[in-house]
Every structure is written in structure tokens, then in C-alpha cells.
Amino acid sequence: EMISKLLTHLHPTPLADEDMEAGFELLLDSLDDLCIDCPDARAMAGSFLARAVVDEVLPPAFLSTRNNSHPGDEVVEKAVGLLSREHCTARLEHVWGPGDGRPVAELKAVIDQLLEEYLLSRELDEAARCVREMSAPHFHHELVKRGVKIAMEKDGRDNKDDAATSSLDAMAALFSFLVKNSIVSEYQVAKGISRLRKLVPDLKLDVPAAAAMLKEFEEMAREGGCLPAQVPVEGN
């Protein structure tokens, strides 16, 4: 958000249209390398492009020109898709915030309701539909963190020993389903797990076996193909 706002202050002086276009060309051409360290780079670049057009720091013609020189560019297609949505200007003004402009607290409440309903119904398709409707791809780590936390608390409270019917097993199945259907990225799952690890000392107060349960979930998630072998340490 701060970088998007900075670009609006730098345009058209000292950065003219051609400077902005050259900068975005460099960004798009370097995405293969950027994706190595930041798997969500393409999605983020698409959001940056769309936001730049809405903020009038990048002319719409840039997208068509880029599309002509690089047919099928998924980043440009994402930007065009965002710009084609109803009320796109209002939505893109909140593109770096969670969801479609809703406060973080409200989105967290939506996530908790979604997760609780899923644990009752175990309906993967319905849960996936709700995750899509949240329109918060950069906030999916919170979905993961809260989902596993809720499952751990529920299993700990119910003394659930049967892995086949446990909330942890159900949550692992959900995130595997979401990753396989390209709704949530492995990167966001790993980020959520990394943040949850920091909460384990506090979780142990209510769920003494929290550390063991989190380790169990990570093993199930890896087997389900939604968690990489190594979970990066979250710096903030």
C-alpha cells in the first residue's frame, strides 16, 4: 500500500509516464527470478499493475501493448481481470488490505465462521467457495493459522484420538483441497504455520499437547501436498 501511494506522489514528477512503464517492464521481465523467493510475486504484480492504472500512474494502453508483445501473460490477464470487475476502483483502492475493503477484525470473524461451519459440515466445495468469495489471497495465511488453531483447540477439548474424524485431519484435508485447486498457495500455508508456531507457548495453556498436535498437522499437510518440506521462519 505504501509503495502504491509512493508511486502516485512520484508521478508525473520526477517519474514521467515512460519511467513508470520502463519500471513495470523491468518488474514483469524479472518475475521468474522473483518467484523463487516470493511465490506470490505474479499475483502481487498483477495487483500492482491494476492499482497503478486506477491511480493513473500507468496508462491503460500499457496493458494492451504488453499483451501484444507477450500474448497470454498471466500477470497482465490478472490485472485486466481486476480492472474489469464491478466497482473496480473502490476494490483496488483496498487491494493491499484484506478482502474487499472490510476491516481486518471483520474479515477474521468471517474466517472463523467459515472454519466453524466447515468443521460441522466437512463440505470441501462449500468451504472453497467461501474462501474464494473472501477475495483475500494475501490474507490466506490468517485462514491457515486460525484454522489449525481452532482444530487444535477442538481436538484438545474433545480428547479426539481418532485421526480419521479429528478436526486436525479435516483441516489438513481442507487446505490440501484448496492448494490442489489453486485457491490457496503453499506459500500462504507455510506462512500461516510459521506464525502459528509462535503461538504454541500460549496455546499450551489451554491445549497442553499443542506442540505435538501442530507437528502432527504439519506431517498430514505435507502428505496432502499443501506444505513444503521446510517451513520458513516468519520474521514479523
# chains A, B, ... in the order shown; residues from 1 in each chain; ligands from 1

call {"tool": "select_by_dssp", "arguments": {"residues": "range 38-200 of chain A", "states": "helix (DSSP H, G or I)", "output": "number ranges by chain"}}
result
A: 41-54, 61-69, 74-84, 88-92, 104-121, 124-134, 137-158, 163-165, 167-180, 186-197, 200

call {"tool": "closest_residue", "arguments": {"among": "A:Met20, A:Met134, A:Leu49, A:Ala127", "to": "Leu92 in chain A", "atoms": "only C-alpha atoms"}}
result
A:Leu49

call {"tool": "residues_around", "arguments": {"residues": "Pro228 in chain A", "least_positions_apart": "4", "cutoff": "9 Å", "atoms": "only C-alpha atoms", "output": "PyMOL selection string"}}
result
chain A and resi 186-187+189-190+221-222

call {"tool": "closest_residue", "arguments": {"among": "A:Thr8, A:Asn67, A:Ala79, A:Leu124", "to": "Lys180 in chain A", "atoms": "only C-alpha atoms"}}
result
A:Leu124

call {"tool": "residues_around", "arguments": {"residues": "Glu25 in chain A", "least_positions_apart": "3", "cutoff": "12 Å", "atoms": "only C-alpha atoms", "output": "ChimeraX atom specification"}}
result
/A:18-22,28-31,45,49,58,62-63,65-67,69-70,75-76

call {"tool": "closest_residue", "arguments": {"among": "A:Ala173, A:Val80, A:Val144, A:Val184", "to": "Arg129 in chain A", "atoms": "only C-alpha atoms"}}
result
A:Val184

call {"tool": "closest_residue", "arguments": {"among": "A:Lys198, A:Lys154, A:Arg51, A:His140", "to": "Leu82 in chain A", "atoms": "only C-alpha atoms"}}
result
A:Arg51

call {"tool": "residues_around", "arguments": {"residues": "Met213 in chain A", "least_positions_apart": "4", "cutoff": "8 Å", "atoms": "only C-alpha atoms", "output": "list in words"}}
result
Met152, Ala209 and Phe217 of chain A

call {"tool": "atom_distance", "arguments": {"atom1": "CA of Leu203 in chain A", "atom2": "CA of Val131 in chain A"}}
result
25.4 Å

call {"tool": "closest_residue", "arguments": {"among": "A:Ala52, A:Ala105, A:Cys35, A:Leu227", "to": "Leu83 in chain A", "atoms": "only C-alpha atoms"}}
result
A:Ala52

call {"tool": "atom_distance", "arguments": {"atom1": "CA of Val110 in chain A", "atom2": "CA of Val179 in chain A"}}
result
20.1 Å
